[in-house]
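Structure data follow from my_file28.txt (compact mmCIF, C-alpha atoms):
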# COMPACT_ATOMS: atom_id res chain seq x y z
CA MET A 1197 108.29 4.22 80.24
CA GLU A 1198 110.65 7.18 80.25
CA ALA A 1199 112.10 8.55 83.50
CA ARG A 1200 111.27 12.19 84.09
CA SER A 1201 113.55 14.57 85.91
CA TRP A 1202 111.90 16.65 88.56
CA ALA A 1203 114.56 19.36 88.23
CA PRO A 1204 113.24 22.48 86.53
CA ARG A 1205 114.51 23.19 83.08
CA ARG A 1206 117.17 25.84 82.94
CA ARG A 1207 116.11 28.74 80.74
CA PRO A 1208 118.39 31.64 79.85
CA CYS A 1209 117.48 35.07 81.17
CA PRO A 1210 116.00 37.44 78.64
CA PRO A 1211 118.64 39.96 77.46
CA GLY A 1212 116.79 42.88 79.08
CA ILE A 1213 117.06 41.32 82.54
CA VAL A 1214 120.78 40.76 82.11
CA LEU A 1215 121.27 44.41 81.14
CA VAL A 1216 119.26 45.64 84.13
CA ALA A 1217 121.31 43.43 86.46
CA LEU A 1218 124.58 44.72 85.01
CA ALA A 1219 123.42 48.33 85.20
CA SER A 1220 122.50 47.86 88.86
CA LEU A 1221 125.88 46.36 89.60
CA PHE A 1222 127.81 49.19 87.96
CA SER A 1223 125.65 52.01 89.30
CA CYS A 1224 126.93 51.32 92.83
CA PRO A 1225 130.71 51.49 92.42
CA LEU A 1226 131.49 51.68 96.13
CA THR A 1227 130.70 49.22 98.82
CA PRO A 1228 129.72 50.70 102.17
CA GLY A 1229 133.14 49.77 103.54
CA GLN A 1230 134.83 52.18 101.12
CA ALA A 1231 132.90 55.25 102.22
CA LYS A 1232 134.08 57.27 105.18
CA VAL A 1233 132.19 59.33 107.71
CA TYR A 1234 134.58 61.96 109.03
CA SER A 1235 134.48 63.43 112.49
CA ARG A 1236 134.06 67.20 112.62
CA CYS A 1237 137.66 67.95 113.63
CA GLU A 1238 139.17 65.31 111.35
CA LEU A 1239 137.36 66.88 108.41
CA ALA A 1240 138.42 70.37 109.51
CA ARG A 1241 142.09 69.29 109.46
CA VAL A 1242 141.75 67.66 106.03
CA LEU A 1243 139.98 70.66 104.49
CA GLN A 1244 142.52 73.01 106.05
CA ASP A 1245 145.31 70.96 104.47
CA PHE A 1246 143.57 71.37 101.10
CA GLY A 1247 143.60 75.14 101.60
CA LEU A 1248 139.87 75.74 101.97
CA ASP A 1249 140.22 78.04 105.01
CA GLY A 1250 139.80 81.50 103.48
CA PHE A 1251 139.24 80.22 99.92
CA ARG A 1252 137.07 82.77 98.10
CA GLY A 1253 136.48 84.48 101.48
CA TYR A 1254 134.89 81.47 103.20
CA SER A 1255 136.07 80.22 106.56
CA LEU A 1256 136.85 76.62 107.36
CA ALA A 1257 133.72 76.68 109.53
CA ASP A 1258 131.61 77.49 106.43
CA TRP A 1259 132.93 74.36 104.71
CA ILE A 1260 132.42 72.16 107.78
CA CYS A 1261 128.86 73.45 108.21
CA LEU A 1262 128.13 72.76 104.53
CA ALA A 1263 129.54 69.22 104.72
CA TYR A 1264 127.53 68.44 107.86
CA PHE A 1265 124.18 69.59 106.50
CA ALA A 1266 124.83 68.24 103.00
CA SER A 1267 125.97 64.72 103.88
CA GLY A 1268 126.55 64.33 107.62
CA PHE A 1269 130.30 64.22 106.78
CA ASN A 1270 129.72 61.02 104.76
CA THR A 1271 131.88 60.65 101.63
CA GLY A 1272 129.62 57.91 100.27
CA ALA A 1273 126.37 59.89 100.44
CA VAL A 1274 124.28 59.79 97.25
CA ASP A 1275 120.88 61.45 97.00
CA HIS A 1276 118.60 60.87 94.02
CA GLU A 1277 116.63 63.83 92.72
CA ALA A 1278 113.24 63.74 90.99
CA ASP A 1279 114.81 64.86 87.71
CA GLY A 1280 117.04 61.76 87.65
CA SER A 1281 120.20 63.58 88.73
CA THR A 1282 122.18 62.64 91.82
CA ASN A 1283 123.90 64.61 94.57
CA ASN A 1284 127.22 62.98 95.37
CA GLY A 1285 129.74 62.81 98.18
CA ILE A 1286 130.51 64.87 101.22
CA PHE A 1287 129.42 68.15 99.57
CA GLN A 1288 126.50 66.58 97.62
CA ILE A 1289 127.65 67.79 94.20
CA ASN A 1290 124.95 67.41 91.55
CA SER A 1291 125.37 65.34 88.40
CA ARG A 1292 123.14 67.62 86.32
CA LYS A 1293 125.97 70.08 85.80
CA TRP A 1294 129.12 69.16 87.70
CA CYS A 1295 129.96 65.47 87.19
CA LYS A 1296 129.25 62.59 84.83
CA THR A 1297 127.20 59.48 85.62
CA LEU A 1298 126.91 56.39 83.44
CA ASP A 1299 123.76 57.75 81.84
CA SER A 1300 124.18 61.53 82.04
CA SER A 1301 124.87 63.85 79.18
CA GLY A 1302 125.24 67.08 81.17
CA PRO A 1303 128.10 69.54 80.87
CA ASN A 1304 130.38 67.81 83.48
CA MET A 1305 131.93 71.12 84.58
CA CYS A 1306 134.30 69.41 87.03
CA GLN A 1307 135.53 67.00 84.34
CA MET A 1308 135.10 63.89 86.50
CA HIS A 1309 132.81 60.97 87.10
CA CYS A 1310 130.37 61.34 89.98
CA PHE A 1311 131.75 58.21 91.65
CA ASP A 1312 135.08 60.09 91.99
CA LEU A 1313 133.24 62.34 94.46
CA LEU A 1314 132.55 59.36 96.73
CA ASP A 1315 136.23 58.73 97.49
CA PRO A 1316 137.23 59.07 101.17
CA ASP A 1317 140.42 60.83 100.01
CA LEU A 1318 138.35 64.00 99.22
CA LYS A 1319 140.77 65.40 96.62
CA ASP A 1320 138.23 65.26 93.77
CA SER A 1321 135.42 66.55 95.99
CA VAL A 1322 137.50 69.53 97.08
CA ILE A 1323 138.64 70.33 93.53
CA CYS A 1324 135.05 70.27 92.28
CA ALA A 1325 133.72 72.25 95.27
CA MET A 1326 136.37 74.91 94.67
CA LYS A 1327 135.27 75.13 91.04
CA ILE A 1328 131.61 75.49 92.07
CA THR A 1329 132.55 78.17 94.61
CA GLN A 1330 134.12 80.27 91.84
CA ASP A 1331 130.57 80.86 90.58
CA PRO A 1332 129.41 84.37 91.58
CA ARG A 1333 127.05 82.77 94.12
CA GLY A 1334 130.00 81.11 95.92
CA LEU A 1335 128.87 78.72 98.64
CA GLY A 1336 125.39 80.11 98.02
CA SER A 1337 125.32 77.66 95.11
CA TRP A 1338 124.39 75.11 97.79
CA GLU A 1339 120.84 75.58 99.07
CA THR A 1340 121.88 73.68 102.18
CA TRP A 1341 124.57 76.25 103.01
CA ARG A 1342 122.17 79.16 102.41
CA HIS A 1343 119.55 77.66 104.76
CA HIS A 1344 121.77 76.38 107.56
CA CYS A 1345 125.10 78.25 107.52
CA GLN A 1346 124.92 81.61 105.78
CA GLY A 1347 124.98 84.70 107.96
CA ILE A 1348 125.32 82.99 111.34
CA ASP A 1349 128.23 82.55 113.75
CA LEU A 1350 129.84 79.27 112.73
CA SER A 1351 132.80 79.31 115.12
CA ASP A 1352 131.44 76.29 117.02
CA TRP A 1353 132.08 74.14 113.94
CA VAL A 1354 135.86 74.36 114.47
CA ASP A 1355 136.06 75.03 118.22
CA GLY A 1356 138.26 72.51 120.04
CA CYS A 1357 139.71 71.09 116.84
CA ASP A 1358 143.32 72.08 117.61
CA LEU A 1359 143.98 73.45 114.14

Could you spell out this file's structure in structure tokens?
Amino acid sequence: MEARSWAPRRRPCPPGIVLVALASLFSCPLTPGQAKVYSRCELARVLQDFGLDGFRGYSLADWICLAYFASGFNTGAVDHEADGSTNNGIFQINSRKWCKTLDSSGPNMCQMHCFDLLDPDLKDSVICAMKITQDPRGLGSWETWRHHCQGIDLSDWVDGCDL
């Protein structure tokens, strides 16, 4: 009589499952510990240092208002749209036109990967946002800014920030 092992036989994963697992792993390049949620005044100082105050006629308060309503000041924010595109980073810059994802074939107008927009350093996010703002619509390119910030007194966004 032959002894039988009660251990299940090890079977290799089908190739499709391995690819899905790898794609999932690489589609989330940042761990939550690498993202940063700025405070209002901290972000105001950083954006001022990048020269956004007065850029294309927009005040620092415009940029702070946009960042708050777009991402809650969170550099790691990613929002998935119904068309398969993503909005990325503190300014929620869309992959359809402005940045490149692993599976996108859009124009990549900012010449960067979308995960570059998730960096707490903000350099890439600011460079791309400045490029977007050069569009004739300016900050109006962001629906969020049009609905929450445009045409109202935004001075409270920078009050008390000791700039």

- Compile the contact shell of A:Ser1337 as a list in words: residues with an atom at most 12 Å away, counting all atoms listed in the file, same-chain residues fewer than 2 positions apart removed. Leu1262, Phe1287, Gln1288, Ile1289, Asn1290, Trp1294, Ala1325, Met1326, Lys1327, Ile1328, Thr1329, Gln1330, Asp1331, Pro1332, Arg1333, Gly1334, Leu1335, Glu1339, Thr1340, Trp1341, Arg1342, His1343 and Gln1346 of chain A

- Task: Can you pull out every residue within 12 Å of A:Gly1285, counting all atoms listed in the file, but drop anything in the same chain fewer than 4 positions away, and send it as a PyMOL selection string?
- Result: chain A and resi 1226+1231-1234+1262-1264+1266-1275+1289-1291+1295+1309-1322+1324-1325

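Reported to one decimal place, the separation of atom CA of A:Ile1260 from atom CA of A:Leu1243 is 8.4 Å.
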
- Message: Which residue is closest to A:Asp1258? Choose from A:Gly1280, A:Asp1245, A:Gly1356, A:Ala1240 and count only C-alpha atoms.
- Response: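 Closest candidate: A:Ala1240.
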
- Query: To one decimal place, how far is atom CA of A:Asn1283 from atom CA of A:His1344 in Å?
  - Reply: 17.7 Å

- Mind pulling up the distance from atom CA of A:Arg1241 to atom CA of A:Asp1355?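 One can read the atom CA of A:Asp1355 to atom CA of A:Arg1241 distance as 12.1 Å.
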
Using the incomplete input, complete stretch 1303-1314 of chain A to the level of all heavy atoms; output as a PDB file, keeping the file's coordinate frame.
ATOM      1  N   PRO A1303     126.850  68.876  81.237  1.00  0.00           N
ATOM      2  CA  PRO A1303     128.100  69.540  80.870  1.00  0.00           C
ATOM      3  C   PRO A1303     129.357  69.042  81.608  1.00  0.00           C
ATOM      4  O   PRO A1303     130.459  69.281  81.136  1.00  0.00           O
ATOM      5  CB  PRO A1303     127.836  71.011  81.215  1.00  0.00           C
ATOM      6  CG  PRO A1303     126.670  71.023  82.119  1.00  0.00           C
ATOM      7  CD  PRO A1303     125.891  69.781  81.852  1.00  0.00           C
ATOM      8  N   ASN A1304     129.229  68.364  82.752  1.00  0.00           N
ATOM      9  CA  ASN A1304     130.380  67.810  83.480  1.00  0.00           C
ATOM     10  C   ASN A1304     131.445  68.885  83.715  1.00  0.00           C
ATOM     11  O   ASN A1304     132.608  68.738  83.332  1.00  0.00           O
ATOM     12  CB  ASN A1304     130.959  66.606  82.735  1.00  0.00           C
ATOM     13  CG  ASN A1304     131.988  65.838  83.551  1.00  0.00           C
ATOM     14  OD1 ASN A1304     132.190  66.080  84.735  1.00  0.00           O
ATOM     15  ND2 ASN A1304     132.662  64.915  82.906  1.00  0.00           N
ATOM     16  N   MET A1305     131.055  69.974  84.364  1.00  0.00           N
ATOM     17  CA  MET A1305     131.930  71.120  84.580  1.00  0.00           C
ATOM     18  C   MET A1305     133.185  70.803  85.396  1.00  0.00           C
ATOM     19  O   MET A1305     134.197  71.476  85.259  1.00  0.00           O
ATOM     20  CB  MET A1305     131.147  72.257  85.251  1.00  0.00           C
ATOM     21  CG  MET A1305     129.946  72.735  84.461  1.00  0.00           C
ATOM     22  SD  MET A1305     130.375  73.578  82.943  1.00  0.00           S
ATOM     23  CE  MET A1305     130.974  75.105  83.598  1.00  0.00           C
ATOM     24  N   CYS A1306     133.121  69.784  86.239  1.00  0.00           N
ATOM     25  CA  CYS A1306     134.300  69.410  87.030  1.00  0.00           C
ATOM     26  C   CYS A1306     135.191  68.394  86.312  1.00  0.00           C
ATOM     27  O   CYS A1306     136.242  68.022  86.822  1.00  0.00           O
ATOM     28  CB  CYS A1306     133.881  68.868  88.391  1.00  0.00           C
ATOM     29  SG  CYS A1306     133.258  70.157  89.492  1.00  0.00           S
ATOM     30  N   GLN A1307     134.745  67.940  85.144  1.00  0.00           N
ATOM     31  CA  GLN A1307     135.530  67.000  84.340  1.00  0.00           C
ATOM     32  C   GLN A1307     135.891  65.731  85.123  1.00  0.00           C
ATOM     33  O   GLN A1307     137.053  65.321  85.167  1.00  0.00           O
ATOM     34  CB  GLN A1307     136.803  67.679  83.808  1.00  0.00           C
ATOM     35  CG  GLN A1307     136.539  68.831  82.863  1.00  0.00           C
ATOM     36  CD  GLN A1307     135.826  68.382  81.603  1.00  0.00           C
ATOM     37  OE1 GLN A1307     136.330  67.538  80.886  1.00  0.00           O
ATOM     38  NE2 GLN A1307     134.653  68.929  81.349  1.00  0.00           N
ATOM     39  N   MET A1308     134.881  65.139  85.776  1.00  0.00           N
ATOM     40  CA  MET A1308     135.100  63.890  86.500  1.00  0.00           C
ATOM     41  C   MET A1308     133.812  63.099  86.575  1.00  0.00           C
ATOM     42  O   MET A1308     132.729  63.631  86.337  1.00  0.00           O
ATOM     43  CB  MET A1308     135.653  64.171  87.899  1.00  0.00           C
ATOM     44  CG  MET A1308     134.771  65.009  88.794  1.00  0.00           C
ATOM     45  SD  MET A1308     135.496  65.412  90.406  1.00  0.00           S
ATOM     46  CE  MET A1308     136.897  66.416  89.983  1.00  0.00           C
ATOM     47  N   HIS A1309     133.964  61.826  86.887  1.00  0.00           N
ATOM     48  CA  HIS A1309     132.810  60.970  87.100  1.00  0.00           C
ATOM     49  C   HIS A1309     132.268  61.222  88.509  1.00  0.00           C
ATOM     50  O   HIS A1309     133.037  61.504  89.429  1.00  0.00           O
ATOM     51  CB  HIS A1309     133.173  59.501  86.944  1.00  0.00           C
ATOM     52  CG  HIS A1309     133.466  59.131  85.533  1.00  0.00           C
ATOM     53  ND1 HIS A1309     132.480  58.810  84.638  1.00  0.00           N
ATOM     54  CD2 HIS A1309     134.630  59.064  84.847  1.00  0.00           C
ATOM     55  CE1 HIS A1309     133.011  58.548  83.464  1.00  0.00           C
ATOM     56  NE2 HIS A1309     134.329  58.702  83.564  1.00  0.00           N
ATOM     57  N   CYS A1310     130.981  61.099  88.672  1.00  0.00           N
ATOM     58  CA  CYS A1310     130.370  61.340  89.980  1.00  0.00           C
ATOM     59  C   CYS A1310     130.899  60.377  91.044  1.00  0.00           C
ATOM     60  O   CYS A1310     131.033  60.754  92.210  1.00  0.00           O
ATOM     61  CB  CYS A1310     128.849  61.239  89.886  1.00  0.00           C
ATOM     62  SG  CYS A1310     128.116  62.537  88.858  1.00  0.00           S
ATOM     63  N   PHE A1311     131.236  59.139  90.650  1.00  0.00           N
ATOM     64  CA  PHE A1311     131.750  58.210  91.650  1.00  0.00           C
ATOM     65  C   PHE A1311     133.112  58.652  92.188  1.00  0.00           C
ATOM     66  O   PHE A1311     133.509  58.243  93.274  1.00  0.00           O
ATOM     67  CB  PHE A1311     131.765  56.757  91.167  1.00  0.00           C
ATOM     68  CG  PHE A1311     132.603  56.489  89.951  1.00  0.00           C
ATOM     69  CD1 PHE A1311     133.989  56.394  90.024  1.00  0.00           C
ATOM     70  CD2 PHE A1311     131.988  56.310  88.724  1.00  0.00           C
ATOM     71  CE1 PHE A1311     134.746  56.136  88.901  1.00  0.00           C
ATOM     72  CE2 PHE A1311     132.742  56.057  87.586  1.00  0.00           C
ATOM     73  CZ  PHE A1311     134.133  55.975  87.679  1.00  0.00           C
ATOM     74  N   ASP A1312     133.825  59.530  91.464  1.00  0.00           N
ATOM     75  CA  ASP A1312     135.080  60.090  91.990  1.00  0.00           C
ATOM     76  C   ASP A1312     134.817  60.940  93.225  1.00  0.00           C
ATOM     77  O   ASP A1312     135.702  61.123  94.062  1.00  0.00           O
ATOM     78  CB  ASP A1312     135.784  60.949  90.939  1.00  0.00           C
ATOM     79  CG  ASP A1312     136.256  60.151  89.734  1.00  0.00           C
ATOM     80  OD1 ASP A1312     136.520  58.939  89.884  1.00  0.00           O
ATOM     81  OD2 ASP A1312     136.355  60.738  88.643  1.00  0.00           O
ATOM     82  N   LEU A1313     133.605  61.486  93.333  1.00  0.00           N
ATOM     83  CA  LEU A1313     133.240  62.340  94.460  1.00  0.00           C
ATOM     84  C   LEU A1313     132.900  61.541  95.708  1.00  0.00           C
ATOM     85  O   LEU A1313     132.647  62.117  96.760  1.00  0.00           O
ATOM     86  CB  LEU A1313     132.058  63.229  94.074  1.00  0.00           C
ATOM     87  CG  LEU A1313     132.302  64.143  92.874  1.00  0.00           C
ATOM     88  CD1 LEU A1313     131.010  64.807  92.426  1.00  0.00           C
ATOM     89  CD2 LEU A1313     133.364  65.175  93.203  1.00  0.00           C
ATOM     90  N   LEU A1314     132.887  60.217  95.601  1.00  0.00           N
ATOM     91  CA  LEU A1314     132.550  59.360  96.730  1.00  0.00           C
ATOM     92  C   LEU A1314     133.805  58.819  97.431  1.00  0.00           C
ATOM     93  O   LEU A1314     133.708  58.073  98.386  1.00  0.00           O
ATOM     94  CB  LEU A1314     131.683  58.193  96.262  1.00  0.00           C
ATOM     95  CG  LEU A1314     130.413  58.581  95.497  1.00  0.00           C
ATOM     96  CD1 LEU A1314     129.683  57.335  95.021  1.00  0.00           C
ATOM     97  CD2 LEU A1314     129.515  59.458  96.333  1.00  0.00           C
TER      98      LEU A1314
END
